$ cat final.txt   # compact mmCIF, C-alpha atoms and all ligand atoms
# COMPACT_ATOMS: atom_id res chain seq x y z
CA MET A 1 22.48 -38.82 1.22
CA ASN A 2 21.11 -38.01 4.68
CA ASP A 3 19.06 -35.02 5.77
CA PHE A 4 22.10 -33.22 7.13
CA HIS A 5 23.85 -33.49 3.74
CA ARG A 6 20.77 -32.35 1.88
CA ALA A 7 20.45 -29.30 4.16
CA GLU A 8 24.14 -28.48 3.67
CA ILE A 9 23.77 -28.63 -0.13
CA ALA A 10 20.64 -26.47 -0.01
CA ASP A 11 22.51 -23.91 2.15
CA GLN A 12 25.40 -23.88 -0.31
CA GLU A 13 23.07 -23.45 -3.29
CA LEU A 14 21.38 -20.53 -1.56
CA ALA A 15 24.74 -18.93 -0.73
CA ASP A 16 25.86 -19.34 -4.38
CA ALA A 17 22.63 -17.79 -5.67
CA MET A 18 22.98 -14.89 -3.24
CA ASP A 19 26.57 -14.30 -4.37
CA LYS A 20 25.37 -13.84 -7.94
CA LEU A 21 22.52 -11.47 -7.13
CA VAL A 22 21.99 -7.94 -5.92
CA ILE A 23 18.89 -7.97 -3.71
CA VAL A 24 17.60 -4.63 -2.52
CA LYS A 25 14.77 -3.65 -0.21
CA SER A 26 12.04 -1.22 -1.25
CA ALA A 27 12.07 2.09 0.64
CA ILE A 28 8.97 1.16 2.62
CA TYR A 29 10.63 -1.93 4.11
CA THR A 30 13.33 0.13 5.78
CA SER A 31 11.67 3.53 6.20
CA GLY A 32 11.69 4.30 9.90
CA GLU A 33 14.80 2.23 10.49
CA ARG A 34 16.52 4.43 7.95
CA ASP A 35 16.03 8.11 7.07
CA PRO A 36 14.40 7.98 3.61
CA ARG A 37 15.89 11.39 2.75
CA GLN A 38 19.32 9.77 2.69
CA PRO A 39 20.49 7.61 -0.22
CA PRO A 40 20.15 3.87 0.44
CA PRO A 41 23.30 2.09 1.67
CA ARG A 42 25.56 1.19 -1.23
CA GLN A 43 25.97 -2.44 -2.14
CA ASP A 44 28.83 -4.02 -3.99
CA THR A 45 27.19 -4.82 -7.32
CA ALA A 46 30.30 -5.64 -9.36
CA GLY A 47 29.76 -8.71 -11.53
CA ARG A 48 26.31 -9.35 -10.14
CA LEU A 49 22.83 -9.03 -11.58
CA HIS A 50 19.92 -7.33 -9.86
CA LEU A 51 17.19 -9.72 -8.81
CA MET A 52 14.17 -9.58 -11.11
CA GLY A 53 12.22 -12.65 -10.06
CA HIS A 54 11.97 -15.20 -7.28
CA ASP A 55 13.98 -14.42 -4.14
CA PRO A 56 16.02 -17.57 -3.35
CA ARG A 57 15.59 -16.98 0.38
CA LEU A 58 11.83 -17.51 0.13
CA ALA A 59 9.74 -20.61 -0.51
CA LYS A 60 8.97 -20.69 -4.22
CA MET A 61 5.38 -20.06 -5.18
CA PRO A 62 3.72 -22.15 -7.91
CA ASP A 63 3.51 -20.55 -11.37
CA LYS A 64 -0.24 -20.05 -10.95
CA PRO A 65 -0.56 -19.31 -7.26
CA THR A 66 -3.88 -19.73 -5.51
CA LEU A 67 -5.17 -17.94 -2.45
CA PHE A 68 -4.21 -20.96 -0.34
CA ASP A 69 -0.65 -20.89 -1.74
CA PHE A 70 -0.37 -17.34 -0.43
CA PHE A 71 -1.70 -18.47 2.94
CA ARG A 72 0.83 -21.30 3.14
CA LEU A 73 3.90 -19.58 1.72
CA ARG A 74 3.52 -15.84 2.28
CA PHE A 75 1.02 -14.98 5.02
CA GLY A 76 3.16 -16.02 7.98
CA PRO A 77 1.35 -18.23 10.46
CA ALA A 78 -2.22 -17.32 9.53
CA ILE A 79 -3.68 -18.93 12.64
CA HIS A 80 -5.39 -15.70 13.80
CA MET A 81 -7.39 -15.41 10.56
CA LEU A 82 -8.20 -19.13 10.56
CA GLN A 83 -9.43 -19.00 14.16
CA SER A 84 -11.47 -15.91 13.40
CA ALA A 85 -13.12 -17.67 10.43
CA ARG A 86 -13.79 -20.76 12.58
CA LEU A 87 -15.40 -18.56 15.25
CA ALA A 88 -17.64 -16.92 12.65
CA LEU A 89 -18.59 -20.37 11.36
CA ASN A 90 -19.40 -21.60 14.88
CA ASN A 91 -21.41 -18.44 15.53
CA GLY A 92 -23.60 -19.23 12.53
CA CYS A 93 -22.49 -16.26 10.44
CA ASP A 94 -23.16 -16.35 6.72
CA GLU A 95 -20.45 -17.19 4.22
CA LYS A 96 -19.63 -13.57 3.41
CA VAL A 97 -18.73 -12.91 7.05
CA ILE A 98 -16.75 -16.16 7.32
CA LEU A 99 -14.78 -15.32 4.18
CA ALA A 100 -14.20 -11.77 5.41
CA CYS A 101 -12.86 -13.19 8.69
CA LEU A 102 -10.58 -15.58 6.82
CA LEU A 103 -9.09 -12.77 4.74
CA HIS A 104 -9.29 -9.71 6.99
CA ASP A 105 -5.66 -9.43 8.14
CA CYS A 106 -3.96 -10.76 4.99
CA SER A 107 -2.22 -7.44 4.46
CA ALA A 108 -0.84 -7.27 8.00
CA ALA A 109 0.26 -10.91 7.66
CA GLY A 110 1.96 -10.68 4.28
CA PHE A 111 2.23 -7.14 2.96
CA ILE A 112 1.82 -3.89 4.87
CA ARG A 113 0.59 -3.37 8.42
CA ALA A 114 -0.31 0.35 8.54
CA ASP A 115 -3.85 0.84 7.17
CA HIS A 116 -4.01 -2.93 6.74
CA GLY A 117 -7.80 -3.02 6.36
CA TYR A 118 -7.62 -0.73 3.36
CA TRP A 119 -4.75 -2.63 1.73
CA ALA A 120 -6.42 -6.00 2.33
CA ALA A 121 -9.71 -4.78 0.87
CA GLN A 122 -7.92 -3.61 -2.26
CA LEU A 123 -6.07 -6.91 -2.59
CA ILE A 124 -9.23 -8.99 -2.49
CA ALA A 125 -11.73 -6.62 -4.14
CA PRO A 126 -11.50 -8.08 -7.68
CA TYR A 127 -12.22 -11.58 -6.39
CA VAL A 128 -14.95 -11.26 -3.76
CA ASP A 129 -18.39 -9.79 -3.31
CA GLU A 130 -18.24 -6.03 -2.73
CA GLU A 131 -19.75 -6.52 0.71
CA VAL A 132 -16.83 -8.76 1.77
CA ALA A 133 -14.27 -6.18 0.65
CA PHE A 134 -16.27 -3.49 2.46
CA ALA A 135 -16.21 -5.44 5.73
CA VAL A 136 -12.47 -6.07 5.44
CA ARG A 137 -11.79 -2.40 4.65
CA TYR A 138 -13.74 -1.12 7.68
CA HIS A 139 -12.90 -3.77 10.27
CA GLN A 140 -9.70 -1.90 11.08
CA VAL A 141 -11.69 1.27 11.70
CA LEU A 142 -14.58 -0.29 13.62
CA ARG A 143 -12.24 -1.96 16.07
CA PHE A 144 -11.72 1.46 17.69
CA TYR A 145 -15.43 2.16 18.18
CA PRO A 146 -17.59 0.11 20.58
CA ASP A 147 -21.11 -1.04 19.77
CA GLU A 148 -22.93 -2.51 22.76
CA THR A 149 -25.78 -3.80 20.59
CA PHE A 150 -23.29 -6.29 19.13
CA GLY A 151 -21.55 -6.83 22.49
CA TYR A 152 -18.45 -5.18 21.06
CA LYS A 153 -16.32 -3.21 23.55
CA TYR A 154 -13.16 -1.21 22.97
CA PRO A 155 -10.45 -3.90 23.13
CA ASP A 156 -8.43 -4.14 26.34
CA SER A 157 -5.53 -5.13 24.12
CA TYR A 158 -5.65 -1.68 22.48
CA ILE A 159 -5.23 -0.02 25.89
CA ARG A 160 -2.15 -2.18 26.41
CA LEU A 161 -0.88 -1.62 22.86
CA PHE A 162 -1.58 2.08 22.38
CA GLY A 163 -2.02 3.40 25.93
CA PRO A 164 -5.17 4.74 27.63
CA ASP A 165 -4.90 8.19 26.02
CA TYR A 166 -4.82 7.04 22.41
CA LYS A 167 -7.46 8.75 20.25
CA PRO A 168 -8.18 7.63 16.68
CA GLU A 169 -7.12 10.09 13.99
CA PRO A 170 -9.86 12.28 12.46
CA TYR A 171 -9.79 10.25 9.24
CA LEU A 172 -10.79 7.22 11.31
CA ASP A 173 -13.68 9.14 12.91
CA ARG A 174 -14.90 10.05 9.42
CA ALA A 175 -14.50 6.51 8.13
CA TYR A 176 -16.39 5.21 11.18
CA GLU A 177 -19.30 7.60 10.54
CA HIS A 178 -19.43 6.53 6.92
CA CYS A 179 -19.44 2.85 7.83
CA ARG A 180 -21.93 3.30 10.68
CA ASN A 181 -24.49 4.71 8.24
CA HIS A 182 -23.83 2.19 5.49
CA ARG A 183 -26.15 -0.70 4.64
CA TRP A 184 -23.29 -3.15 5.12
CA TYR A 185 -22.37 -1.89 8.60
CA ARG A 186 -23.63 -5.12 10.16
CA THR A 187 -21.31 -7.25 8.01
CA ALA A 188 -18.28 -5.17 8.94
CA ARG A 189 -19.31 -5.15 12.61
CA LEU A 190 -19.75 -8.94 12.65
CA LEU A 191 -16.20 -9.23 11.38
CA THR A 192 -14.91 -7.21 14.37
CA VAL A 193 -17.01 -9.32 16.74
CA ASN A 194 -15.32 -12.46 15.38
CA ASP A 195 -11.88 -10.87 15.14
CA LEU A 196 -10.33 -12.54 18.18
CA TYR A 197 -8.36 -10.30 20.50
CA SER A 198 -5.90 -13.03 21.24
CA PHE A 199 -5.62 -16.34 19.53
CA ASP A 200 -5.55 -19.62 21.34
CA PRO A 201 -2.36 -21.51 20.40
CA ASN A 202 -4.11 -24.77 21.30
CA VAL A 203 -6.93 -24.41 18.80
CA HIS A 204 -5.76 -25.89 15.55
CA VAL A 205 -7.61 -24.92 12.37
CA GLU A 206 -6.81 -26.29 8.92
CA LEU A 207 -7.10 -24.12 5.83
CA GLU A 208 -8.94 -27.00 4.14
CA GLU A 209 -11.92 -26.46 6.44
CA PHE A 210 -12.69 -23.43 4.27
CA THR A 211 -12.08 -24.96 0.84
CA ASP A 212 -15.77 -25.00 -0.06
CA ILE A 213 -16.55 -21.52 1.28
CA VAL A 214 -13.56 -20.10 -0.59
CA GLY A 215 -14.53 -22.07 -3.70
CA ARG A 216 -18.01 -20.57 -3.67
CA ASN A 217 -17.04 -17.01 -2.71
CA PHE A 218 -13.53 -16.25 -3.97
CA ARG A 219 -13.11 -16.03 -7.76
CA GLN A 220 -9.70 -17.63 -8.05
CA PRO A 221 -8.24 -16.51 -11.40
CA PRO A 222 -7.11 -19.43 -13.61
CA GLU A 223 -3.87 -17.57 -14.46
CA GLY A 224 -3.00 -17.40 -10.75
CA LEU A 225 -3.16 -14.45 -8.36
CA GLY A 226 -0.76 -11.83 -9.65
CA PHE A 227 -0.98 -12.87 -13.29
CA ASP A 228 -4.58 -12.11 -14.19
CA ASP A 229 -4.25 -8.37 -14.94
CA SER A 230 -6.83 -7.45 -12.27
CA PRO A 231 -6.57 -4.03 -10.56
CA SER A 232 -4.72 -5.65 -7.64
CA ALA A 233 -2.63 -8.22 -9.57
CA HIS A 234 0.50 -6.11 -9.08
CA MET A 235 0.01 -6.23 -5.31
CA TRP A 236 -0.17 -10.03 -5.30
CA ARG A 237 2.95 -10.14 -7.50
CA THR A 238 4.78 -7.93 -5.01
CA ILE A 239 3.90 -10.31 -2.19
CA ASN A 240 5.07 -13.23 -4.32
CA TRP A 241 8.32 -11.52 -5.44
CA PRO A 242 8.86 -8.76 -2.85
CA THR A 243 12.48 -7.93 -3.59
CA ARG A 244 12.58 -7.51 -7.37
CA TYR A 245 14.59 -4.49 -8.40
CA LEU A 246 11.74 -3.27 -10.65
FE FE B 301 -7.16 -6.32 11.53
FE FE B 302 -7.68 -9.55 13.14
$ encode --input "final.txt" --output "structure tokens"
Amino acid sequence: MNDFHRAEIADQELADAMDKLVIVKSAIYTSGERDPRQPPPRQDTAGRLHLMGHDPRLAKMPDKPTLFDFFRLRFGPAIHMLQSARLALNNGCDEKVILACLLHDCSAAGFIRADHGYWAAQLIAPYVDEEVAFAVRYHQVLRFYPDETFGYKYPDSYIRLFGPDYKPEPYLDRAYEHCRNHRWYRTARLLTVNDLYSFDPNVHVELEEFTDIVGRNFRQPPEGLGFDDSPSAHMWRTINWPTRYL
């Protein structure tokens, strides 16, 4: 059997699986494209079961998924986070900052973009030092506020993305004040300093470069992320199986 045949069979198997299943999207995935006050579009469900596990359109995760499995199979191309972690490493930052850089945009990459610092901090909190989760939570906020003592300016990219008149919401001003006066401000600020504005497609970084730092600083649960009953296990499960009916 050649590669073309194998691909054809895989396509057919996927089509067969899809025929047997009803796969719906959570409200948040379509809100904005669709008015959430209206009922969701009706699907023909006759003779089909609602999906309650792995989505056949996605790469299957191992039964006990590790952080790196999520990076490889669910966090899109994670090159921005990898380059940020490499930069922190080259800048001589300590391992907490390097780990924070490696993880900081995991929500935007694989889960939810709005308030991504907060979501990411919640995802990782059970497994990392509190200071790492703090830095990840506030990096999103600090990006809006310059600090010349760290050489951090308001990003030009934000002027392009949000326009010159954009002003952070009052909740961001409050969060900034809180972070600014916190003993871990420096850690969060170092994350923004190493959070590259644009990634260089020519700089290749392997996940394995961070195996030891992750091993020392991320408490990988033996049951696998999503199956360890931690306060964020349900969030990891949702990333693993995003289209389950319940
Ligand atoms: Fe970010
Ligand atoms: Fe980032």
$ closest_atom_pairs --input "final.txt" --of "chain A" --to "ligand FE 301 (chain B)" --cutoff "7 Å" --atoms "all atoms listed in the file" --output "tab-separated table"
residue	atom	partner	partner_atom	distance
A:His104	CA	B:FE301	FE	6.1
A:Asp105	CA	B:FE301	FE	4.8
A:His116	CA	B:FE301	FE	6.7
A:Gly117	CA	B:FE301	FE	6.2
A:His139	CA	B:FE301	FE	6.4
A:Gln140	CA	B:FE301	FE	5.1
$ closest_residue --input "final.txt" --among "A:Leu82, A:Met18, A:Ala133, A:Ile9" --to "A:Pro56" --atoms "all atoms listed in the file"
A:Met18
$ atom_distance --input "final.txt" --atom1 "atom CA of A:Phe144" --atom2 "atom CA of A:Lys167"
8.8 Å
$ residues_near_ligand --input "final.txt" --ligand "ligand FE 302 (chain B)" --cutoff "12 Å" --atoms "all atoms listed in the file" --output "short mmCIF file (atom, residue, chain, number, x, y, z; two decimals) with C-alpha atoms, in the coordinates of the input"
data_model
loop_
_atom_site.label_atom_id
_atom_site.label_comp_id
_atom_site.auth_asym_id
_atom_site.auth_seq_id
_atom_site.Cartn_x
_atom_site.Cartn_y
_atom_site.Cartn_z
CA ALA A 78 -2.22 -17.32 9.53
CA ILE A 79 -3.68 -18.93 12.64
CA HIS A 80 -5.39 -15.70 13.80
CA MET A 81 -7.39 -15.41 10.56
CA LEU A 82 -8.20 -19.13 10.56
CA GLN A 83 -9.43 -19.00 14.16
CA SER A 84 -11.47 -15.91 13.40
CA ALA A 85 -13.12 -17.67 10.43
CA ALA A 100 -14.20 -11.77 5.41
CA CYS A 101 -12.86 -13.19 8.69
CA LEU A 102 -10.58 -15.58 6.82
CA LEU A 103 -9.09 -12.77 4.74
CA HIS A 104 -9.29 -9.71 6.99
CA ASP A 105 -5.66 -9.43 8.14
CA CYS A 106 -3.96 -10.76 4.99
CA SER A 107 -2.22 -7.44 4.46
CA ALA A 108 -0.84 -7.27 8.00
CA ALA A 109 0.26 -10.91 7.66
CA ARG A 113 0.59 -3.37 8.42
CA HIS A 116 -4.01 -2.93 6.74
CA GLY A 117 -7.80 -3.02 6.36
CA ALA A 120 -6.42 -6.00 2.33
CA VAL A 136 -12.47 -6.07 5.44
CA ARG A 137 -11.79 -2.40 4.65
CA TYR A 138 -13.74 -1.12 7.68
CA HIS A 139 -12.90 -3.77 10.27
CA GLN A 140 -9.70 -1.90 11.08
CA VAL A 141 -11.69 1.27 11.70
CA LEU A 142 -14.58 -0.29 13.62
CA ARG A 143 -12.24 -1.96 16.07
CA PRO A 155 -10.45 -3.90 23.13
CA LEU A 191 -16.20 -9.23 11.38
CA THR A 192 -14.91 -7.21 14.37
CA VAL A 193 -17.01 -9.32 16.74
CA ASN A 194 -15.32 -12.46 15.38
CA ASP A 195 -11.88 -10.87 15.14
CA LEU A 196 -10.33 -12.54 18.18
CA TYR A 197 -8.36 -10.30 20.50
CA SER A 198 -5.90 -13.03 21.24
CA PHE A 199 -5.62 -16.34 19.53
#
$ closest_residue --input "final.txt" --among "A:Arg42, A:Glu8, A:Arg180, A:Ala114" --to "A:Ile28" --atoms "only C-alpha atoms"
A:Ala114
$ residues_around --input "final.txt" --residues "A:Pro242" --least-positions-apart "5" --cutoff "9 Å" --atoms "all atoms listed in the file" --output "PDB file with C-alpha atoms, in the coordinates of the input"
ATOM      1  CA  LYS A  25      14.770  -3.650  -0.210  1.00  0.00           C
ATOM      2  CA  SER A  26      12.040  -1.220  -1.250  1.00  0.00           C
ATOM      3  CA  GLY A  53      12.220 -12.650 -10.060  1.00  0.00           C
ATOM      4  CA  HIS A  54      11.970 -15.200  -7.280  1.00  0.00           C
ATOM      5  CA  ASP A  55      13.980 -14.420  -4.140  1.00  0.00           C
ATOM      6  CA  PHE A 111       2.230  -7.140   2.960  1.00  0.00           C
ATOM      7  CA  ARG A 237       2.950 -10.140  -7.500  1.00  0.00           C
TER       8      ARG A 237
END
$ atom_distance --input "final.txt" --atom1 "atom CA of A:Lys96" --atom2 "atom CA of A:Thr187"
8.0 Å
$ decode --input "final.txt" --residues "stretch 11-24 of chain A" --atoms "all heavy atoms" --output "mmCIF file, in the first residue's frame"
data_model
loop_
_atom_site.group_PDB
_atom_site.id
_atom_site.type_symbol
_atom_site.label_atom_id
_atom_site.label_comp_id
_atom_site.auth_asym_id
_atom_site.auth_seq_id
_atom_site.Cartn_x
_atom_site.Cartn_y
_atom_site.Cartn_z
ATOM 1 N N ASP A 11 -8.858 9.082 5.139
ATOM 2 C CA ASP A 11 -9.937 10.051 4.844
ATOM 3 C C ASP A 11 -11.300 9.375 4.948
ATOM 4 O O ASP A 11 -12.245 9.931 5.482
ATOM 5 C CB ASP A 11 -9.780 10.608 3.420
ATOM 6 C CG ASP A 11 -8.763 11.733 3.383
ATOM 7 O OD1 ASP A 11 -8.298 12.122 4.477
ATOM 8 O OD2 ASP A 11 -8.428 12.187 2.272
ATOM 9 N N GLN A 12 -11.366 8.145 4.387
ATOM 10 C CA GLN A 12 -12.641 7.422 4.401
ATOM 11 C C GLN A 12 -13.051 7.072 5.829
ATOM 12 O O GLN A 12 -14.211 7.214 6.211
ATOM 13 C CB GLN A 12 -12.530 6.142 3.544
ATOM 14 C CG GLN A 12 -13.869 5.466 3.264
ATOM 15 C CD GLN A 12 -14.904 6.427 2.655
ATOM 16 O OE1 GLN A 12 -14.624 7.113 1.674
ATOM 17 N NE2 GLN A 12 -16.094 6.524 3.261
ATOM 18 N N GLU A 13 -12.072 6.635 6.634
ATOM 19 C CA GLU A 13 -12.371 6.290 8.028
ATOM 20 C C GLU A 13 -12.883 7.512 8.782
ATOM 21 O O GLU A 13 -13.810 7.423 9.576
ATOM 22 C CB GLU A 13 -11.114 5.738 8.728
ATOM 23 C CG GLU A 13 -10.837 4.292 8.339
ATOM 24 C CD GLU A 13 -9.508 3.776 8.875
ATOM 25 O OE1 GLU A 13 -8.763 4.555 9.505
ATOM 26 O OE2 GLU A 13 -9.219 2.597 8.634
ATOM 27 N N LEU A 14 -12.273 8.656 8.513
ATOM 28 C CA LEU A 14 -12.704 9.888 9.174
ATOM 29 C C LEU A 14 -14.129 10.241 8.735
ATOM 30 O O LEU A 14 -14.988 10.550 9.564
ATOM 31 C CB LEU A 14 -11.743 11.033 8.840
ATOM 32 C CG LEU A 14 -12.106 12.401 9.418
ATOM 33 C CD1 LEU A 14 -12.144 12.355 10.936
ATOM 34 C CD2 LEU A 14 -11.113 13.464 8.954
ATOM 35 N N ALA A 15 -14.388 10.138 7.433
ATOM 36 C CA ALA A 15 -15.728 10.446 6.925
ATOM 37 C C ALA A 15 -16.761 9.510 7.547
ATOM 38 O O ALA A 15 -17.854 9.946 7.943
ATOM 39 C CB ALA A 15 -15.748 10.342 5.399
ATOM 40 N N ASP A 16 -16.423 8.211 7.673
ATOM 41 C CA ASP A 16 -17.352 7.243 8.280
ATOM 42 C C ASP A 16 -17.629 7.598 9.734
ATOM 43 O O ASP A 16 -18.775 7.560 10.188
ATOM 44 C CB ASP A 16 -16.777 5.819 8.215
ATOM 45 C CG ASP A 16 -16.725 5.303 6.777
ATOM 46 O OD1 ASP A 16 -17.360 5.940 5.910
ATOM 47 O OD2 ASP A 16 -16.033 4.298 6.534
ATOM 48 N N ALA A 17 -16.552 7.948 10.462
ATOM 49 C CA ALA A 17 -16.724 8.305 11.881
ATOM 50 C C ALA A 17 -17.600 9.537 12.007
ATOM 51 O O ALA A 17 -18.483 9.612 12.876
ATOM 52 C CB ALA A 17 -15.361 8.545 12.522
ATOM 53 N N MET A 18 -17.381 10.506 11.121
ATOM 54 C CA MET A 18 -18.156 11.754 11.183
ATOM 55 C C MET A 18 -19.633 11.488 10.879
ATOM 56 O O MET A 18 -20.510 12.133 11.439
ATOM 57 C CB MET A 18 -17.607 12.780 10.179
ATOM 58 C CG MET A 18 -16.182 13.188 10.454
ATOM 59 S SD MET A 18 -16.023 14.285 11.872
ATOM 60 C CE MET A 18 -16.804 15.756 11.245
ATOM 61 N N ASP A 19 -19.890 10.536 9.968
ATOM 62 C CA ASP A 19 -21.277 10.206 9.628
ATOM 63 C C ASP A 19 -22.032 9.660 10.829
ATOM 64 O O ASP A 19 -23.232 9.817 10.937
ATOM 65 C CB ASP A 19 -21.314 9.155 8.508
ATOM 66 C CG ASP A 19 -21.123 9.803 7.158
ATOM 67 O OD1 ASP A 19 -21.234 11.040 7.094
ATOM 68 O OD2 ASP A 19 -20.848 9.076 6.189
ATOM 69 N N LYS A 20 -21.302 8.986 11.718
ATOM 70 C CA LYS A 20 -21.952 8.327 12.850
ATOM 71 C C LYS A 20 -22.126 9.257 14.042
ATOM 72 O O LYS A 20 -22.751 8.883 15.021
ATOM 73 C CB LYS A 20 -21.112 7.125 13.290
ATOM 74 C CG LYS A 20 -21.072 6.011 12.258
ATOM 75 C CD LYS A 20 -20.521 4.743 12.890
ATOM 76 C CE LYS A 20 -20.271 3.676 11.838
ATOM 77 N NZ LYS A 20 -18.851 3.471 11.565
ATOM 78 N N LEU A 21 -21.508 10.428 13.987
ATOM 79 C CA LEU A 21 -21.453 11.275 15.183
ATOM 80 C C LEU A 21 -22.122 12.624 14.975
ATOM 81 O O LEU A 21 -22.072 13.190 13.884
ATOM 82 C CB LEU A 21 -19.996 11.535 15.567
ATOM 83 C CG LEU A 21 -19.218 10.347 16.128
ATOM 84 C CD1 LEU A 21 -17.739 10.688 16.171
ATOM 85 C CD2 LEU A 21 -19.722 9.993 17.524
ATOM 86 N N VAL A 22 -22.698 13.138 16.051
ATOM 87 C CA VAL A 22 -23.131 14.530 16.076
ATOM 88 C C VAL A 22 -22.053 15.289 16.845
ATOM 89 O O VAL A 22 -21.768 14.975 18.002
ATOM 90 C CB VAL A 22 -24.483 14.687 16.798
ATOM 91 C CG1 VAL A 22 -24.875 16.155 16.849
ATOM 92 C CG2 VAL A 22 -25.556 13.849 16.119
ATOM 93 N N ILE A 23 -21.426 16.259 16.176
ATOM 94 C CA ILE A 23 -20.372 17.042 16.831
ATOM 95 C C ILE A 23 -20.822 18.498 16.871
ATOM 96 O O ILE A 23 -21.052 19.101 15.822
ATOM 97 C CB ILE A 23 -19.033 16.921 16.084
ATOM 98 C CG1 ILE A 23 -18.628 15.444 15.954
ATOM 99 C CG2 ILE A 23 -17.951 17.703 16.810
ATOM 100 C CD1 ILE A 23 -17.330 15.214 15.200
ATOM 101 N N VAL A 24 -20.962 19.018 18.060
ATOM 102 C CA VAL A 24 -21.438 20.397 18.195
ATOM 103 C C VAL A 24 -20.299 21.284 18.701
ATOM 104 O O VAL A 24 -19.292 20.792 19.209
ATOM 105 C CB VAL A 24 -22.633 20.494 19.168
ATOM 106 C CG1 VAL A 24 -23.809 19.698 18.645
ATOM 107 C CG2 VAL A 24 -22.236 20.036 20.557
#
